[in-house]
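Asks: Got a structure for you, questions after.
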Amino acid sequence: MTVTIYIPRDSGALALGAEKVAKAVAQEIETRGLDAKIVRNGSRGLYWLEPMVEVATEAGRVAYGPISAKDVASLFDAGLASGGEHKLSLGDPEKIPFLAKQTRLTFARCGITDPLSLEDYRNHGGLKGLENAIAMTPADVVKQVTDSGLRGRGGAGFPTGIKWKTVLDTTADRKYIVCNADEGDSATFADRMIMEGDPFVLIEGMTIAGIATGATKGFVYIRSEYPHAVATMQKAVEVARKAGVLGVNVMGSPNAFDMEIRVGAGAYVCGEETSLLNSLEGKRGIVRAKPPLPAIQGLFGKPTVINNVISLASVPIVMDRGAQHYKDFGMGRSRGTIPIQIAGNAKHGGLFEAAFGLTLGEIVDEIGGGTVTGRPVKAVQVGGPLGAYFPRSLFDTPFDYEAFAAKDGLIGHAGITVFDDSADMLKQARFAMEFCAIESCGKCTPCRIGSTRGVETIDKIAHNIEPEKNLALVTDLCNTMKFGSLCALGGFTPYPVMSAINHFPEDFRPTPVAQAAE
Amino acid sequence: MSMQAASTQIASRAAAIVDEMKALEGPLLPILHEIQEEFGHVPAETLPIIAKVLNISNAEVHGVVTFYHDYRNHPAGRHVLKVCRAEACQSMGGDAIAAQISQALGIGFHETAKDNSVTLEPVYCLGLCACAPAAMLDGEVIGRLDADKIEEIVREVRS
């Protein structure tokens, strides 16, 4: 029997040498004359163990990692093909605590299947949600998504079903489904992982959205910084089209739905939904004023569902298992699961899908294992460059949209960057302003000018020029940005800035020694 | 080849690209990506060609090209190295790594080496935040940058 060896083609695994490992494995298979094949799967998201190689044995999968090309020969000597023992053995990957503790709904197949095999996808429960949706009325599909409690995973947390209902109820000759895959927030990589590791789940989710709202065309807008995700999605769309999952008769039904992959051009602000729509239309990625809502006048002025990758990729499981199954996970008004991304200075960095409700401390200390440098955790930034910095004293905050908002923070796209005690929070606050200045679309004054003034004012504090007065000025500026900006870029930049000032005031006090050294 | 001939060739190639892609919904970004792929940058003389076919003003095309960080108005070096400067990489000493790279290459960010070997650019997140600090060399991703990997990168761009 042919042995199957899994080597991830996920960008994170590639960045750690997976391509060299794959070459070395292929070489060993050839020279040893083994009956084995290599499948390039996605990542399971345990990045401290990547590249993680798995072998399908009669007793199930056996994992090894982290593997470098020079380990490969010894792995084969140890009997890799039959799951032999080696110093890099990890045993059954599903029993690794980081994976065993997860609730994988959206990422159920990621890292397990061949991302481009529709057969694999079906064998692991794929397309059942779409089949169910085809057999239902659009209104019932929308109701099921609404009842599941699924909220926009891009960061805003808006109920997905309600957005869909608005599009369904708006009459037009043409409607669109747009997938926001402009995952620009630092510490986030869930969209990238699912697009590289299980692209069909996104295609299925978008097709369900099309059927539910009467849209016949979809666009996935992927950032140019993700060339591997772009390539995988493009191939997957071709496979789906050939198999009749996409096209004029979706899975043999009278519903038509097709989609295109579009590539961004390096503008962070295009992750904001209205500037993304302008970018898709071929314009500058300038934010639009709302109303009109995209659900009523979106892409090319037509009713448009615009959802994040993870929101759309969570729809198939909702349509497969039912609204109640999904809703049973989570807490409060945050239902279902969320792929938490543990990043930066974390010992066990990676993707951890879990029901809402874990505390920040559990995520950082227990799951993430503290810092990789071994130093104490000083702060964690939750929600990307527009998210607040949380100190240890707030580590009891449960992972829930409302609970984070109550602590002047946000979940965002659920990325968590861990910083050790060498972090300088004044520098981080300055960077937040600088980043806003670099990426501002320029339409509204608070964001365009405020961010530049913010950098200058924080520099004055750093140089001990009237620090009290300038701190008050930054606070005032943040208020103006928060309430006066057109979108979240200018409106949320105050979160990292003010949280740094409020929770780490000692970093904003004059430091004569550091100053003298400059 | 004379300057004139080169310019004519650019114009005809650009016209072919625009013609091929103009039927797309919202064709401007895909066209600009294709032109940059073809020429390594978006040559100024292609803008009026695009504008004419898409029936928009030159100013509008110029506005779009200059809005996005990806489009270049002149060719990059033989290699392009993008180093992530965002928070997750900062938390793993990314600023120091970026400074070391800049020093090793002898150029600052947004600059191209005098021998045209490499262009150094900042990037704000490559989605490699759990294997920071990260970079991308000619589309190939590199994680957990350290002194050895920097040396390897420098060797590769200079070879």
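Note on naming: chains are A, B, ... as they come in the structure tokens, residues start from 1 per chain, ligands start from 1 in the order shown.
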Which of stretch 302-421 of chain A counts as strand (DSSP E) under DSSP, as JSON, numbers by chain please?
Replies: {"A": [304, 305, 306, 307, 308, 330, 331, 334, 335, 337, 338, 339, 340, 341, 342, 343, 344, 350, 351, 352, 353, 354, 355, 377, 378, 379, 380, 381, 382, 389, 390, 391, 415, 416, 417, 418, 419, 420]}
Asks: Create the file for the chosen residues now, containing N, CA, C and O atoms and written as a short mmCIF file (atom, residue, chain, number, x, y, z; two decimals), in the first residue's frame.
Replies:
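Okay, result.cif is ready:
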data_model
loop_
_atom_site.label_atom_id
_atom_site.label_comp_id
_atom_site.auth_asym_id
_atom_site.auth_seq_id
_atom_site.Cartn_x
_atom_site.Cartn_y
_atom_site.Cartn_z
N THR A 304 -24.59 44.23 -1.83
CA THR A 304 -23.39 43.41 -1.68
C THR A 304 -23.24 42.88 -0.27
O THR A 304 -23.31 43.65 0.70
N VAL A 305 -23.04 41.58 -0.18
CA VAL A 305 -22.64 41.01 1.11
C VAL A 305 -21.13 41.13 1.16
O VAL A 305 -20.43 40.64 0.28
N ILE A 306 -20.60 41.83 2.15
CA ILE A 306 -19.15 41.83 2.32
C ILE A 306 -18.83 41.27 3.69
O ILE A 306 -19.22 41.81 4.71
N ASN A 307 -18.18 40.10 3.68
CA ASN A 307 -17.86 39.37 4.90
C ASN A 307 -16.39 39.01 4.92
O ASN A 307 -15.77 38.85 3.87
N ASN A 308 -15.89 38.84 6.12
CA ASN A 308 -14.52 38.37 6.30
C ASN A 308 -14.41 36.88 5.93
O ASN A 308 -15.40 36.15 5.94
N GLY A 330 -19.67 28.97 23.00
CA GLY A 330 -19.52 30.40 23.24
C GLY A 330 -20.17 30.89 24.51
O GLY A 330 -20.64 30.11 25.33
N MET A 331 -20.18 32.22 24.66
CA MET A 331 -20.78 32.84 25.85
C MET A 331 -21.48 34.13 25.47
O MET A 331 -21.15 34.75 24.46
N SER A 334 -21.54 36.34 22.15
CA SER A 334 -20.47 35.85 21.29
C SER A 334 -20.62 34.34 21.15
O SER A 334 -20.25 33.59 22.05
N ARG A 335 -21.21 33.91 20.04
CA ARG A 335 -21.54 32.50 19.88
C ARG A 335 -20.57 31.81 18.93
O ARG A 335 -19.98 32.42 18.05
N THR A 337 -17.34 29.50 17.68
CA THR A 337 -15.90 29.46 17.97
C THR A 337 -15.20 30.62 17.29
O THR A 337 -15.73 31.22 16.36
N ILE A 338 -13.99 30.88 17.76
CA ILE A 338 -13.16 31.92 17.15
C ILE A 338 -11.73 31.40 17.04
O ILE A 338 -11.20 30.83 18.00
N PRO A 339 -11.13 31.54 15.86
CA PRO A 339 -9.74 31.13 15.74
C PRO A 339 -8.81 32.18 16.34
O PRO A 339 -8.60 33.24 15.75
N ILE A 340 -8.32 31.89 17.53
CA ILE A 340 -7.43 32.84 18.20
C ILE A 340 -6.02 32.63 17.64
O ILE A 340 -5.56 31.50 17.51
N GLN A 341 -5.36 33.72 17.29
CA GLN A 341 -4.02 33.61 16.75
C GLN A 341 -3.02 34.16 17.75
O GLN A 341 -3.06 35.33 18.10
N ILE A 342 -2.18 33.27 18.25
CA ILE A 342 -1.20 33.65 19.27
C ILE A 342 0.11 33.92 18.55
O ILE A 342 0.64 33.04 17.87
N ALA A 343 0.59 35.16 18.68
CA ALA A 343 1.70 35.58 17.83
C ALA A 343 2.74 36.38 18.60
O ALA A 343 2.56 36.69 19.77
N GLY A 344 3.79 36.70 17.89
CA GLY A 344 4.85 37.51 18.47
C GLY A 344 5.71 36.68 19.39
O GLY A 344 6.09 35.56 19.07
N GLY A 350 0.61 30.16 17.43
CA GLY A 350 -0.14 29.44 16.42
C GLY A 350 -1.61 29.76 16.47
O GLY A 350 -2.02 30.73 17.12
N LEU A 351 -2.38 28.91 15.79
CA LEU A 351 -3.82 29.14 15.72
C LEU A 351 -4.55 28.21 16.67
O LEU A 351 -4.33 27.00 16.64
N PHE A 352 -5.39 28.79 17.50
CA PHE A 352 -6.11 28.02 18.50
C PHE A 352 -7.60 28.33 18.37
O PHE A 352 -8.06 29.38 18.79
N GLU A 353 -8.33 27.42 17.75
CA GLU A 353 -9.78 27.65 17.60
C GLU A 353 -10.51 27.15 18.83
O GLU A 353 -10.34 25.99 19.23
N ALA A 354 -11.27 28.03 19.43
CA ALA A 354 -11.98 27.66 20.66
C ALA A 354 -13.28 28.42 20.76
O ALA A 354 -13.45 29.45 20.11
N ALA A 355 -14.18 27.92 21.57
CA ALA A 355 -15.40 28.66 21.85
C ALA A 355 -15.02 29.95 22.56
O ALA A 355 -13.99 30.02 23.24
N VAL A 377 5.82 38.31 30.66
CA VAL A 377 4.95 39.00 29.72
C VAL A 377 4.65 40.39 30.28
O VAL A 377 4.23 40.52 31.41
N LYS A 378 4.91 41.40 29.47
CA LYS A 378 4.60 42.76 29.93
C LYS A 378 3.23 43.21 29.41
O LYS A 378 2.44 43.76 30.16
N ALA A 379 2.98 42.98 28.14
CA ALA A 379 1.73 43.44 27.54
C ALA A 379 1.36 42.52 26.39
O ALA A 379 2.23 41.89 25.80
N VAL A 380 0.07 42.46 26.11
CA VAL A 380 -0.36 41.78 24.89
C VAL A 380 -1.27 42.73 24.13
O VAL A 380 -2.12 43.40 24.72
N GLN A 381 -1.04 42.80 22.83
CA GLN A 381 -1.91 43.62 22.01
C GLN A 381 -2.95 42.70 21.38
O GLN A 381 -2.60 41.73 20.72
N VAL A 382 -4.21 43.00 21.61
CA VAL A 382 -5.27 42.14 21.09
C VAL A 382 -6.01 42.89 19.98
O VAL A 382 -6.46 44.01 20.17
N TYR A 389 -3.48 47.55 24.07
CA TYR A 389 -2.46 46.79 24.81
C TYR A 389 -3.02 46.47 26.19
O TYR A 389 -3.44 47.36 26.91
N PHE A 390 -3.04 45.18 26.52
CA PHE A 390 -3.56 44.75 27.81
C PHE A 390 -2.41 44.40 28.75
O PHE A 390 -1.51 43.66 28.38
N PRO A 391 -2.47 44.93 29.98
CA PRO A 391 -1.47 44.56 30.99
C PRO A 391 -1.91 43.28 31.70
O PRO A 391 -3.06 42.85 31.56
N GLY A 415 -6.30 38.35 16.83
CA GLY A 415 -4.85 38.17 16.86
C GLY A 415 -4.30 38.72 18.18
O GLY A 415 -4.75 39.76 18.66
N ILE A 416 -3.37 37.99 18.78
CA ILE A 416 -2.79 38.41 20.05
C ILE A 416 -1.28 38.46 19.91
O ILE A 416 -0.65 37.45 19.63
N THR A 417 -0.71 39.65 20.08
CA THR A 417 0.75 39.77 20.04
C THR A 417 1.29 39.86 21.45
O THR A 417 0.88 40.74 22.22
N VAL A 418 2.18 38.95 21.79
CA VAL A 418 2.74 38.92 23.13
C VAL A 418 4.07 39.69 23.15
O VAL A 418 4.91 39.50 22.28
N PHE A 419 4.22 40.57 24.15
CA PHE A 419 5.46 41.34 24.32
C PHE A 419 6.07 40.99 25.67
O PHE A 419 5.35 40.89 26.67
N ASP A 420 7.37 40.84 25.72
CA ASP A 420 8.00 40.62 27.03
C ASP A 420 8.36 41.97 27.66
O ASP A 420 8.05 43.03 27.12
#
Asks: Taking only C-alpha atoms into account, report as JSON, numbers by chain which residues of chain B lie within 10 Å of chain A.
Replies: {"B": [24, 25, 26, 27, 28, 29, 30, 31, 32, 33, 60, 61, 62, 63, 64, 65, 66, 67, 68, 69, 70, 71, 82, 84, 85, 86, 87, 88, 89, 90, 91, 92, 93, 123, 124, 125, 126, 127, 128, 129, 130, 131, 132, 133, 134, 135, 136, 139, 140, 141, 142, 143, 144, 145]}
Asks: Store the residues picked out above in a file with C-alpha atoms, as a CSV table (one decimal), in the first residue's frame.
Replies:
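Final file, part-v3.csv:
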chain,number,residue,atom,x,y,z
B,24,LEU,CA,-13.2,42.4,-16.4
B,25,GLU,CA,-15.5,44.0,-13.8
B,26,GLY,CA,-13.3,46.7,-12.3
B,27,PRO,CA,-10.3,46.1,-14.5
B,28,LEU,CA,-7.9,48.8,-13.4
B,29,LEU,CA,-6.0,47.0,-10.6
B,30,PRO,CA,-5.7,43.7,-12.5
B,31,ILE,CA,-4.3,45.7,-15.5
B,32,LEU,CA,-1.8,47.6,-13.3
B,33,HIS,CA,-0.7,44.3,-11.7
B,60,GLU,CA,-7.7,59.2,-12.3
B,61,VAL,CA,-5.2,56.5,-13.4
B,62,HIS,CA,-2.4,58.5,-11.9
B,63,GLY,CA,-4.3,58.8,-8.7
B,64,VAL,CA,-4.9,55.0,-8.4
B,65,VAL,CA,-1.2,54.1,-9.3
B,66,THR,CA,0.1,56.5,-6.6
B,67,PHE,CA,-2.4,55.5,-3.9
B,68,TYR,CA,-1.2,51.9,-3.6
B,69,HIS,CA,2.2,51.0,-2.1
B,70,ASP,CA,2.8,48.1,-4.5
B,71,TYR,CA,3.0,50.1,-7.8
B,82,LYS,CA,10.5,43.0,2.0
B,84,CYS,CA,8.1,43.1,8.1
B,85,ARG,CA,8.0,46.1,10.5
B,86,ALA,CA,4.7,45.3,12.2
B,87,GLU,CA,4.0,44.6,15.9
B,88,ALA,CA,4.4,40.8,16.0
B,89,CYS,CA,7.8,41.1,14.4
B,90,GLN,CA,8.7,44.1,16.7
B,91,SER,CA,7.9,41.9,19.7
B,92,MET,CA,10.6,39.5,18.5
B,93,GLY,CA,13.3,42.1,18.0
B,123,VAL,CA,6.0,45.5,4.7
B,124,TYR,CA,3.3,45.6,7.3
B,125,CYS,CA,2.6,42.0,8.0
B,126,LEU,CA,3.2,38.9,6.0
B,127,GLY,CA,0.9,36.7,8.1
B,128,LEU,CA,3.9,35.0,9.6
B,129,CYS,CA,3.3,36.4,13.0
B,130,ALA,CA,3.9,33.1,14.8
B,131,CYS,CA,7.3,32.8,13.2
B,132,ALA,CA,8.6,36.3,13.6
B,133,PRO,CA,10.6,38.2,12.6
B,134,ALA,CA,9.7,37.6,9.0
B,135,ALA,CA,10.7,38.7,5.5
B,136,MET,CA,9.9,38.0,1.9
B,139,GLY,CA,8.1,36.2,-3.1
B,140,GLU,CA,9.8,33.5,-1.0
B,141,VAL,CA,8.8,33.7,2.7
B,142,ILE,CA,11.4,33.6,5.4
B,143,GLY,CA,10.6,33.2,9.1
B,144,ARG,CA,12.5,33.5,12.4
B,145,LEU,CA,15.2,35.8,10.9
Asks: Report, in Å to a single decimal, how far apart atom CA of A:Val287 and atom CA of A:Thr274 are.
Replies: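 Atom CA of A:Val287 lies 5.4 Å from atom CA of A:Thr274.
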Asks: Give me every alpha helix (DSSP H) residue in stretch 121-364 of chain A, going by DSSP on the backbone, as a ChimeraX atom specification.
Replies: /A:121-123,128-134,138-147,160-169,190-197,199-213,227-242,273-280,309-321,323-327,360-361
Asks: I want to know what sits within 8 Å of stretch 203-210 of chain A, based on only C-alpha atoms, with residues of the same chain fewer than 5 positions away left out; could you give that as a PyMOL selection string?
Replies: chain A and resi 127+129-130+133-134+164+176-177+179+215-218+237+246+257-258+305+312-316
Asks: Using only C-alpha atoms, please write the residues we just selected to a file, as a PDB file, in the first residue's frame.
Replies:
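And here's out04.pdb as it stands now:
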ATOM      1  CA  LEU A 127     -20.241  20.388   0.611  1.00  0.00           C
ATOM      2  CA  GLY A 129     -23.787  22.593   4.039  1.00  0.00           C
ATOM      3  CA  LEU A 130     -24.137  23.689   0.431  1.00  0.00           C
ATOM      4  CA  ALA A 133     -28.718  25.225   1.454  1.00  0.00           C
ATOM      5  CA  ILE A 134     -29.704  24.312  -2.091  1.00  0.00           C
ATOM      6  CA  TRP A 164     -27.439  38.808   4.476  1.00  0.00           C
ATOM      7  CA  TYR A 176     -22.464  40.460  -5.186  1.00  0.00           C
ATOM      8  CA  ILE A 177     -20.719  38.461  -2.486  1.00  0.00           C
ATOM      9  CA  CYS A 179     -14.955  38.207   0.659  1.00  0.00           C
ATOM     10  CA  ALA A 215     -26.130  37.020  -5.685  1.00  0.00           C
ATOM     11  CA  THR A 216     -24.547  35.293  -8.662  1.00  0.00           C
ATOM     12  CA  LYS A 217     -21.024  36.658  -8.560  1.00  0.00           C
ATOM     13  CA  GLY A 218     -18.383  36.602  -5.854  1.00  0.00           C
ATOM     14  CA  VAL A 237     -11.722  28.015  -7.890  1.00  0.00           C
ATOM     15  CA  LEU A 246     -19.287  26.816  -9.228  1.00  0.00           C
ATOM     16  CA  PHE A 257     -22.756  31.331  -8.795  1.00  0.00           C
ATOM     17  CA  ASP A 258     -19.204  31.981  -9.883  1.00  0.00           C
ATOM     18  CA  VAL A 305     -22.637  41.006   1.113  1.00  0.00           C
ATOM     19  CA  LEU A 312     -17.839  32.950   5.310  1.00  0.00           C
ATOM     20  CA  ALA A 313     -15.752  29.857   6.084  1.00  0.00           C
ATOM     21  CA  SER A 314     -17.849  29.260   9.214  1.00  0.00           C
ATOM     22  CA  VAL A 315     -21.099  29.176   7.241  1.00  0.00           C
ATOM     23  CA  PRO A 316     -20.719  25.617   5.835  1.00  0.00           C
TER      24      PRO A 316
END
Asks: Do you know which residues are at most 10 Å from B:Ala11 counting only C-alpha atoms, after dropping those on the same chain fewer than 2 positions away, and could you put them as a list in words?
Replies: Ala5, Ala6, Ser7, Thr8, Gln9, Arg13, Ala14, Ala15, Ala16, Ile17, Pro43, Glu45, Thr46, Leu47, Pro48 and Ile49 of chain B
Asks: Kindly give the distance, in Å, that separates atom CA of A:Gln234 and atom CA of A:Tyr221, rounded to a single decimal.
Replies: 11.6 Å
Asks: Considering only C-alpha atoms, state which residue in the set B:Ile150, B:Ala113, B:Ile97, B:Ile10 is at the smallest distance from B:Gln36.
Replies: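 Comparing B:Ile150, B:Ala113, B:Ile97, B:Ile10 against B:Gln36, the winner is B:Ile10.
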Asks: For stretch 147-151 of chain A, work out the shell of residues within 10 Å, counting only C-alpha atoms and skipping chain neighbours fewer than 2 positions away, then give it as JSON, numbers by chain.
Replies: {"A": [141, 142, 143, 144, 145, 153, 154, 155, 156, 157, 158, 159, 160, 161, 162, 163, 307, 311, 312, 314, 315, 318, 319, 322, 323, 324, 325, 326, 327, 328, 329, 330, 333, 334, 335, 336, 337, 401]}
